[in-house]
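Novice: Next up, start-v5.pdb (PDB, C-alpha atoms, pLDDT in the B column).
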ATOM      1  CA  ASP L   1      16.299  18.258  -1.009  1.00 63.00           C
ATOM      2  CA  ALA L   2      19.172  20.029  -2.767  1.00 82.00           C
ATOM      3  CA  GLY L   3      16.992  21.236  -5.616  1.00 95.00           C
ATOM      4  CA  VAL L   4      17.952  21.074  -9.269  1.00 97.00           C
ATOM      5  CA  ILE L   5      21.718  21.123  -9.688  1.00 98.00           C
ATOM      6  CA  GLN L   6      23.430  22.497 -12.761  1.00 98.00           C
ATOM      7  CA  SER L   7      27.071  22.643 -13.726  1.00 97.00           C
ATOM      8  CA  PRO L   8      29.044  24.550 -14.603  1.00 98.00           C
ATOM      9  CA  ARG L   9      27.545  27.823 -13.362  1.00 97.00           C
ATOM     10  CA  HIS L  10      29.601  29.826 -15.817  1.00 97.00           C
ATOM     11  CA  GLU L  11      31.259  28.750 -19.040  1.00 97.00           C
ATOM     12  CA  VAL L  12      33.381  30.840 -21.341  1.00 98.00           C
ATOM     13  CA  THR L  13      34.549  29.190 -24.524  1.00 97.00           C
ATOM     14  CA  GLU L  14      35.699  30.023 -28.006  1.00 97.00           C
ATOM     15  CA  MET L  15      33.674  29.654 -31.135  1.00 97.00           C
ATOM     16  CA  GLY L  16      33.888  26.148 -32.553  1.00 97.00           C
ATOM     17  CA  GLN L  17      34.475  24.435 -29.232  1.00 97.00           C
ATOM     18  CA  GLU L  18      32.186  21.788 -27.801  1.00 97.00           C
ATOM     19  CA  VAL L  19      30.171  22.770 -24.735  1.00 98.00           C
ATOM     20  CA  THR L  20      28.491  20.337 -22.360  1.00 98.00           C
ATOM     21  CA  LEU L  21      26.013  21.501 -19.747  1.00 98.00           C
ATOM     22  CA  ARG L  22      24.928  19.175 -16.978  1.00 98.00           C
ATOM     23  CA  CYS L  23      21.812  18.845 -14.866  1.00 98.00           C
ATOM     24  CA  LYS L  24      20.717  16.724 -11.930  1.00 98.00           C
ATOM     25  CA  PRO L  25      16.943  16.931 -11.381  1.00 97.00           C
ATOM     26  CA  ILE L  26      15.168  16.690  -8.062  1.00 96.00           C
ATOM     27  CA  SER L  27      14.879  13.076  -6.971  1.00 96.00           C
ATOM     28  CA  GLY L  28      11.490  11.604  -7.798  1.00 94.00           C
ATOM     29  CA  HIS L  29      10.698  14.070 -10.554  1.00 94.00           C
ATOM     30  CA  ASP L  30       9.780  12.434 -13.847  1.00 93.00           C
ATOM     31  CA  TYR L  31       9.955  15.481 -16.120  1.00 94.00           C
ATOM     32  CA  LEU L  32      13.123  17.336 -17.073  1.00 96.00           C
ATOM     33  CA  PHE L  33      13.202  20.506 -19.145  1.00 96.00           C
ATOM     34  CA  TRP L  34      16.009  22.486 -20.794  1.00 97.00           C
ATOM     35  CA  TYR L  35      15.407  26.209 -21.376  1.00 97.00           C
ATOM     36  CA  ARG L  36      17.479  29.009 -22.874  1.00 97.00           C
ATOM     37  CA  GLN L  37      17.072  32.625 -21.827  1.00 96.00           C
ATOM     38  CA  THR L  38      18.277  35.685 -23.713  1.00 94.00           C
ATOM     39  CA  MET L  39      17.223  39.307 -23.689  1.00 89.00           C
ATOM     40  CA  MET L  40      16.078  39.092 -27.285  1.00 87.00           C
ATOM     41  CA  ARG L  41      14.102  35.854 -27.202  1.00 87.00           C
ATOM     42  CA  GLY L  42      13.149  35.519 -23.550  1.00 89.00           C
ATOM     43  CA  LEU L  43      12.765  32.082 -21.968  1.00 93.00           C
ATOM     44  CA  GLU L  44      12.550  29.359 -24.605  1.00 92.00           C
ATOM     45  CA  LEU L  45      11.891  25.674 -24.071  1.00 93.00           C
ATOM     46  CA  LEU L  46      14.498  23.667 -25.947  1.00 96.00           C
ATOM     47  CA  ILE L  47      13.590  20.076 -25.116  1.00 95.00           C
ATOM     48  CA  TYR L  48      11.909  18.061 -22.406  1.00 94.00           C
ATOM     49  CA  PHE L  49      12.019  14.486 -21.198  1.00 95.00           C
ATOM     50  CA  ASN L  50       9.524  12.285 -19.427  1.00 93.00           C
ATOM     51  CA  ASN L  51      10.925   9.242 -17.626  1.00 94.00           C
ATOM     52  CA  ASN L  52      14.246   9.807 -19.442  1.00 95.00           C
ATOM     53  CA  VAL L  53      12.607   9.740 -22.882  1.00 95.00           C
ATOM     54  CA  PRO L  54      12.749  12.883 -25.071  1.00 94.00           C
ATOM     55  CA  ILE L  55       9.181  13.989 -25.724  1.00 91.00           C
ATOM     56  CA  ASP L  56       9.470  17.255 -27.600  1.00 90.00           C
ATOM     57  CA  ASP L  57      12.678  18.662 -29.071  1.00 92.00           C
ATOM     58  CA  SER L  58      10.992  21.128 -31.405  1.00 90.00           C
ATOM     59  CA  GLY L  59      12.659  23.994 -29.577  1.00 91.00           C
ATOM     60  CA  MET L  60      16.191  22.810 -30.250  1.00 94.00           C
ATOM     61  CA  PRO L  61      17.617  25.492 -32.539  1.00 87.00           C
ATOM     62  CA  GLU L  62      19.569  23.274 -34.908  1.00 85.00           C
ATOM     63  CA  ASP L  63      21.582  20.106 -35.248  1.00 91.00           C
ATOM     64  CA  ARG L  64      24.459  21.596 -33.300  1.00 95.00           C
ATOM     65  CA  PHE L  65      22.361  21.097 -30.172  1.00 97.00           C
ATOM     66  CA  SER L  66      21.749  17.694 -28.643  1.00 97.00           C
ATOM     67  CA  ALA L  67      20.437  16.505 -25.279  1.00 98.00           C
ATOM     68  CA  LYS L  68      20.513  13.189 -23.491  1.00 97.00           C
ATOM     69  CA  MET L  69      19.109  11.753 -20.311  1.00 98.00           C
ATOM     70  CA  PRO L  70      20.845   8.415 -19.674  1.00 97.00           C
ATOM     71  CA  ASN L  71      19.137   7.931 -16.304  1.00 95.00           C
ATOM     72  CA  ALA L  72      16.645   9.560 -13.963  1.00 95.00           C
ATOM     73  CA  SER L  73      19.268  11.613 -12.166  1.00 95.00           C
ATOM     74  CA  PHE L  74      21.344  13.099 -14.978  1.00 96.00           C
ATOM     75  CA  SER L  75      20.941  14.990 -18.223  1.00 98.00           C
ATOM     76  CA  THR L  76      23.303  16.806 -20.574  1.00 98.00           C
ATOM     77  CA  LEU L  77      22.844  19.490 -23.181  1.00 98.00           C
ATOM     78  CA  LYS L  78      25.644  19.615 -25.720  1.00 98.00           C
ATOM     79  CA  ILE L  79      26.484  22.261 -28.281  1.00 97.00           C
ATOM     80  CA  GLN L  80      28.961  21.283 -30.967  1.00 97.00           C
ATOM     81  CA  PRO L  81      30.330  23.427 -32.495  1.00 96.00           C
ATOM     82  CA  SER L  82      29.434  26.453 -30.392  1.00 96.00           C
ATOM     83  CA  GLU L  83      28.814  29.888 -31.929  1.00 96.00           C
ATOM     84  CA  PRO L  84      28.665  33.379 -30.388  1.00 97.00           C
ATOM     85  CA  ARG L  85      24.881  33.494 -30.889  1.00 95.00           C
ATOM     86  CA  ASP L  86      24.578  30.550 -28.469  1.00 96.00           C
ATOM     87  CA  SER L  87      25.587  32.860 -25.630  1.00 97.00           C
ATOM     88  CA  ALA L  88      22.733  32.771 -23.121  1.00 97.00           C
ATOM     89  CA  VAL L  89      21.707  31.456 -19.739  1.00 98.00           C
ATOM     90  CA  TYR L  90      20.662  27.815 -19.931  1.00 98.00           C
ATOM     91  CA  PHE L  91      18.254  26.561 -17.293  1.00 98.00           C
ATOM     92  CA  CYS L  92      17.328  23.042 -16.394  1.00 98.00           C
ATOM     93  CA  ALA L  93      14.027  22.437 -14.598  1.00 96.00           C
ATOM     94  CA  SER L  94      12.255  19.370 -13.259  1.00 95.00           C
ATOM     95  CA  SER L  95       8.763  18.516 -12.123  1.00 92.00           C
ATOM     96  CA  ARG L  96       6.673  15.668 -10.847  1.00 89.00           C
ATOM     97  CA  GLY L  97       3.985  15.121 -13.428  1.00 80.00           C
ATOM     98  CA  ALA L  98       2.133  18.272 -14.370  1.00 72.00           C
ATOM     99  CA  ASP L  99       3.051  20.007 -11.127  1.00 73.00           C
ATOM    100  CA  THR L 100       5.245  23.012 -10.532  1.00 87.00           C
ATOM    101  CA  GLN L 101       8.530  23.209 -12.411  1.00 92.00           C
ATOM    102  CA  TYR L 102      11.583  23.806 -10.255  1.00 94.00           C
ATOM    103  CA  PHE L 103      14.441  25.564 -11.968  1.00 97.00           C
ATOM    104  CA  GLY L 104      18.134  25.108 -11.388  1.00 97.00           C
ATOM    105  CA  PRO L 105      20.453  28.099 -10.929  1.00 97.00           C
ATOM    106  CA  GLY L 106      21.351  28.142 -14.622  1.00 98.00           C
ATOM    107  CA  THR L 107      24.567  28.040 -16.622  1.00 98.00           C
ATOM    108  CA  ARG L 108      25.717  31.354 -18.072  1.00 98.00           C
ATOM    109  CA  LEU L 109      27.389  30.514 -21.376  1.00 98.00           C
ATOM    110  CA  THR L 110      29.584  32.968 -23.231  1.00 98.00           C
ATOM    111  CA  VAL L 111      30.937  31.995 -26.625  1.00 97.00           C
ATOM    112  CA  LEU L 112      33.675  34.317 -27.872  1.00 97.00           C
TER     113      LEU L 112
ATOM    114  CA  GLY R   1       0.059  29.346 -33.102  1.00 64.00           C
ATOM    115  CA  GLN R   2       0.421  30.566 -29.573  1.00 72.00           C
ATOM    116  CA  SER R   3       1.155  33.907 -27.974  1.00 86.00           C
ATOM    117  CA  LEU R   4       1.221  35.529 -24.580  1.00 91.00           C
ATOM    118  CA  GLU R   5       1.162  39.247 -23.942  1.00 94.00           C
ATOM    119  CA  GLN R   6       2.135  41.051 -20.770  1.00 96.00           C
ATOM    120  CA  PRO R   7       3.406  44.583 -20.158  1.00 96.00           C
ATOM    121  CA  SER R   8       7.147  44.967 -20.419  1.00 95.00           C
ATOM    122  CA  GLU R   9       7.550  47.134 -17.333  1.00 97.00           C
ATOM    123  CA  VAL R  10       5.579  48.317 -14.324  1.00 97.00           C
ATOM    124  CA  THR R  11       6.660  50.722 -11.604  1.00 97.00           C
ATOM    125  CA  ALA R  12       5.153  51.189  -8.154  1.00 97.00           C
ATOM    126  CA  VAL R  13       6.054  52.381  -4.681  1.00 97.00           C
ATOM    127  CA  GLU R  14       6.465  50.424  -1.474  1.00 97.00           C
ATOM    128  CA  GLY R  15       3.194  49.496   0.164  1.00 97.00           C
ATOM    129  CA  ALA R  16       1.188  49.888  -3.023  1.00 97.00           C
ATOM    130  CA  ILE R  17      -0.800  47.297  -4.979  1.00 97.00           C
ATOM    131  CA  VAL R  18       0.119  46.372  -8.533  1.00 97.00           C
ATOM    132  CA  GLN R  19      -1.610  44.177 -11.086  1.00 98.00           C
ATOM    133  CA  ILE R  20       0.264  42.494 -13.952  1.00 98.00           C
ATOM    134  CA  ASN R  21      -1.987  41.352 -16.767  1.00 97.00           C
ATOM    135  CA  CYS R  22      -1.479  38.471 -19.154  1.00 97.00           C
ATOM    136  CA  THR R  23      -3.495  37.601 -22.232  1.00 97.00           C
ATOM    137  CA  TYR R  24      -2.885  34.435 -24.178  1.00 95.00           C
ATOM    138  CA  GLN R  25      -3.795  32.612 -27.340  1.00 91.00           C
ATOM    139  CA  THR R  26      -3.045  28.913 -27.463  1.00 86.00           C
ATOM    140  CA  SER R  27      -4.486  25.520 -28.198  1.00 82.00           C
ATOM    141  CA  GLY R  28      -4.596  22.773 -25.615  1.00 82.00           C
ATOM    142  CA  PHE R  29      -4.752  25.248 -22.733  1.00 86.00           C
ATOM    143  CA  TYR R  30      -4.461  23.568 -19.366  1.00 85.00           C
ATOM    144  CA  GLY R  31      -3.613  26.325 -16.897  1.00 91.00           C
ATOM    145  CA  LEU R  32      -1.788  29.577 -16.235  1.00 94.00           C
ATOM    146  CA  SER R  33       1.265  29.869 -14.007  1.00 94.00           C
ATOM    147  CA  TRP R  34       3.223  32.810 -12.696  1.00 96.00           C
ATOM    148  CA  TYR R  35       6.951  32.805 -12.027  1.00 96.00           C
ATOM    149  CA  GLN R  36       9.204  35.385 -10.402  1.00 97.00           C
ATOM    150  CA  GLN R  37      12.797  35.944 -11.444  1.00 97.00           C
ATOM    151  CA  HIS R  38      15.259  38.259  -9.740  1.00 97.00           C
ATOM    152  CA  ASP R  39      18.190  39.603 -11.738  1.00 94.00           C
ATOM    153  CA  GLY R  40      20.824  36.901 -12.042  1.00 93.00           C
ATOM    154  CA  GLY R  41      18.532  34.300 -10.509  1.00 96.00           C
ATOM    155  CA  ALA R  42      16.341  31.461 -11.695  1.00 96.00           C
ATOM    156  CA  PRO R  43      12.576  31.577 -12.219  1.00 97.00           C
ATOM    157  CA  THR R  44      10.688  30.496  -9.125  1.00 96.00           C
ATOM    158  CA  PHE R  45       7.081  29.415  -8.996  1.00 94.00           C
ATOM    159  CA  LEU R  46       4.489  31.778  -7.529  1.00 95.00           C
ATOM    160  CA  SER R  47       1.043  30.479  -8.394  1.00 93.00           C
ATOM    161  CA  TYR R  48      -1.046  28.358 -10.726  1.00 91.00           C
ATOM    162  CA  ASN R  49      -4.650  28.652 -11.943  1.00 93.00           C
ATOM    163  CA  ALA R  50      -6.372  25.818 -13.755  1.00 90.00           C
ATOM    164  CA  LEU R  51      -9.900  27.008 -13.043  1.00 93.00           C
ATOM    165  CA  ASP R  52     -11.546  30.411 -13.301  1.00 96.00           C
ATOM    166  CA  GLY R  53     -11.271  32.590 -10.259  1.00 96.00           C
ATOM    167  CA  LEU R  54      -8.844  33.951  -7.749  1.00 96.00           C
ATOM    168  CA  GLU R  55      -6.063  32.053  -5.978  1.00 93.00           C
ATOM    169  CA  GLU R  56      -4.508  33.770  -2.968  1.00 93.00           C
ATOM    170  CA  THR R  57      -1.095  33.045  -1.497  1.00 88.00           C
ATOM    171  CA  GLY R  58      -0.090  35.572   1.109  1.00 92.00           C
ATOM    172  CA  ARG R  59       0.531  38.956  -0.497  1.00 95.00           C
ATOM    173  CA  PHE R  60       0.208  37.496  -3.984  1.00 96.00           C
ATOM    174  CA  SER R  61      -3.002  36.553  -5.762  1.00 96.00           C
ATOM    175  CA  SER R  62      -3.587  35.261  -9.266  1.00 97.00           C
ATOM    176  CA  PHE R  63      -6.741  35.324 -11.338  1.00 97.00           C
ATOM    177  CA  LEU R  64      -7.839  33.437 -14.419  1.00 97.00           C
ATOM    178  CA  SER R  65     -10.707  33.828 -16.849  1.00 97.00           C
ATOM    179  CA  ARG R  66     -10.579  30.997 -19.372  1.00 95.00           C
ATOM    180  CA  SER R  67     -13.423  32.447 -21.443  1.00 94.00           C
ATOM    181  CA  ASP R  68     -11.484  35.700 -21.849  1.00 95.00           C
ATOM    182  CA  SER R  69      -8.067  34.015 -22.206  1.00 95.00           C
ATOM    183  CA  TYR R  70      -6.877  36.409 -19.547  1.00 95.00           C
ATOM    184  CA  GLY R  71      -5.210  36.324 -16.208  1.00 97.00           C
ATOM    185  CA  TYR R  72      -3.441  38.602 -13.803  1.00 98.00           C
ATOM    186  CA  LEU R  73      -1.054  38.572 -10.897  1.00 98.00           C
ATOM    187  CA  LEU R  74      -1.876  40.904  -8.011  1.00 98.00           C
ATOM    188  CA  LEU R  75       0.865  41.927  -5.629  1.00 97.00           C
ATOM    189  CA  GLN R  76      -0.177  43.691  -2.435  1.00 97.00           C
ATOM    190  CA  GLU R  77       1.791  45.572   0.211  1.00 97.00           C
ATOM    191  CA  LEU R  78       4.699  45.869  -2.168  1.00 97.00           C
ATOM    192  CA  GLN R  79       8.188  45.546  -0.764  1.00 97.00           C
ATOM    193  CA  MET R  80      11.527  46.487  -2.280  1.00 97.00           C
ATOM    194  CA  LYS R  81      12.393  42.809  -2.594  1.00 97.00           C
ATOM    195  CA  ASP R  82       9.454  42.383  -4.991  1.00 97.00           C
ATOM    196  CA  SER R  83      11.481  44.200  -7.659  1.00 98.00           C
ATOM    197  CA  ALA R  84      11.951  41.424 -10.203  1.00 97.00           C
ATOM    198  CA  SER R  85      10.633  40.112 -13.496  1.00 97.00           C
ATOM    199  CA  TYR R  86       7.321  38.296 -13.494  1.00 97.00           C
ATOM    200  CA  PHE R  87       6.440  35.754 -16.172  1.00 96.00           C
ATOM    201  CA  CYS R  88       3.085  34.292 -17.003  1.00 96.00           C
ATOM    202  CA  ALA R  89       3.266  30.832 -18.530  1.00 94.00           C
ATOM    203  CA  VAL R  90       0.633  28.770 -20.246  1.00 92.00           C
ATOM    204  CA  SER R  91       0.494  25.043 -19.595  1.00 88.00           C
ATOM    205  CA  ARG R  92      -0.318  23.263 -22.838  1.00 82.00           C
ATOM    206  CA  MET R  93      -1.300  19.661 -23.246  1.00 75.00           C
ATOM    207  CA  ASN R  94       0.150  18.064 -26.345  1.00 68.00           C
ATOM    208  CA  THR R  95      -0.193  14.348 -27.085  1.00 66.00           C
ATOM    209  CA  GLY R  96      -0.779  13.686 -23.420  1.00 68.00           C
ATOM    210  CA  PHE R  97       2.240  15.611 -22.171  1.00 75.00           C
ATOM    211  CA  GLN R  98       2.246  19.034 -20.627  1.00 75.00           C
ATOM    212  CA  LYS R  99       4.710  21.834 -21.239  1.00 82.00           C
ATOM    213  CA  LEU R 100       5.018  25.498 -20.316  1.00 87.00           C
ATOM    214  CA  VAL R 101       5.180  28.367 -22.768  1.00 88.00           C
ATOM    215  CA  PHE R 102       6.457  31.535 -21.133  1.00 91.00           C
ATOM    216  CA  GLY R 103       5.540  35.136 -21.832  1.00 92.00           C
ATOM    217  CA  THR R 104       8.237  37.743 -22.333  1.00 92.00           C
ATOM    218  CA  GLY R 105       8.060  38.910 -18.728  1.00 95.00           C
ATOM    219  CA  THR R 106       7.115  42.093 -16.881  1.00 97.00           C
ATOM    220  CA  ARG R 107       9.846  43.934 -15.078  1.00 97.00           C
ATOM    221  CA  LEU R 108       8.523  45.353 -11.799  1.00 98.00           C
ATOM    222  CA  LEU R 109      10.423  48.179 -10.172  1.00 97.00           C
ATOM    223  CA  VAL R 110       9.445  49.049  -6.619  1.00 97.00           C
ATOM    224  CA  SER R 111      10.701  52.368  -5.330  1.00 96.00           C
ATOM    225  CA  PRO R 112      10.785  53.717  -1.747  1.00 94.00           C
TER     226      PRO R 112
END
Go ahead and render the structure in this file as structure tokens.

Specialist:
Amino acid sequence: DAGVIQSPRHEVTEMGQEVTLRCKPISGHDYLFWYRQTMMRGLELLIYFNNNVPIDDSGMPEDRFSAKMPNASFSTLKIQPSEPRDSAVYFCASSRGADTQYFGPGTRLTVL
Amino acid sequence: GQSLEQPSEVTAVEGAIVQINCTYQTSGFYGLSWYQQHDGGAPTFLSYNALDGLEETGRFSSFLSRSDSYGYLLLQELQMKDSASYFCAVSRMNTGFQKLVFGTGTRLLVSP
């Protein structure tokens, strides 16, 4: 299996622009998680889905952030408008049930 | 609320044994996981304890005491490649769904 796939790997954008991060989970996994990692706040869970349905979005920082999972093989995390404080590494992870979470390589986002 | 505590940094020499402790406070506790993350990389799963006791996987072992809300990761025969950050993560059950809450990580530096 190819593992969790994320794109882009790096994104540099200007404040106010829309940013879309993409994730393809491991086939057969029914859970998908979006995390954000920064030096200051560590690894934070933003939102997770079960069978394409959002279960808990309490970690989403504010209304500028939104996430969708239109089917079992694709999810997006969108930031609109982006701000410099959104600069971080964003990880997508997937799991089968309550088993081990497998992380993608991450997207390093820089907002200027 | 919930909290996890682990040391911020540990140093050791090649061939030595090191123990990274993790204490937690949370409701709906289901299990304790450990993840390894190299600089610039993604977190990767190391071990999981749902029951009290020791789990051994090669050079790595993990221990859990649910009554003490405490666990540790034991790394033996340290190698240079073990230099990385190590995160404990609590699995919490909430309304029938499980999610991970990560600690702030312990940076392990292995020297020759």

Novice: Set the distance at 8 Å and use only C-alpha atoms: which residues neighbour Pro112 (chain R) once local chain neighbours fewer than 4 positions away are removed? I'd like the list as number ranges by chain.

Specialist: R: 13-14, 80

Novice: How many Å lie between CA of Arg66 (chain R) and CA of Leu32 (chain L), rounded to one decimal?

Specialist: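 CA of Leu32 (chain L) lies 27.5 Å from CA of Arg66 (chain R).
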
Novice: Just to confirm, what's the straight-line distance from CA of Val53 (chain L) to CA of Pro70 (chain L) in Å (one decimal)?

Specialist: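 CA of Val53 (chain L) sits 8.9 Å away from CA of Pro70 (chain L).
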
Novice: Using the chain letters and numbers from this file, what does the ChimeraX specification (/L :<7) & /R select? Give the answer as a ChimeraX atom specification.

Specialist: /R:41-45,98,102,104

Novice: I want to know what sits within 12 Å of Phe74 (chain L), based on all atoms listed in the file, with residues of the same chain fewer than 5 positions away left out; could you give that as number ranges by chain?

Specialist: L: 4-7, 21-27, 29-33, 49, 51-52, 67-69, 92-94
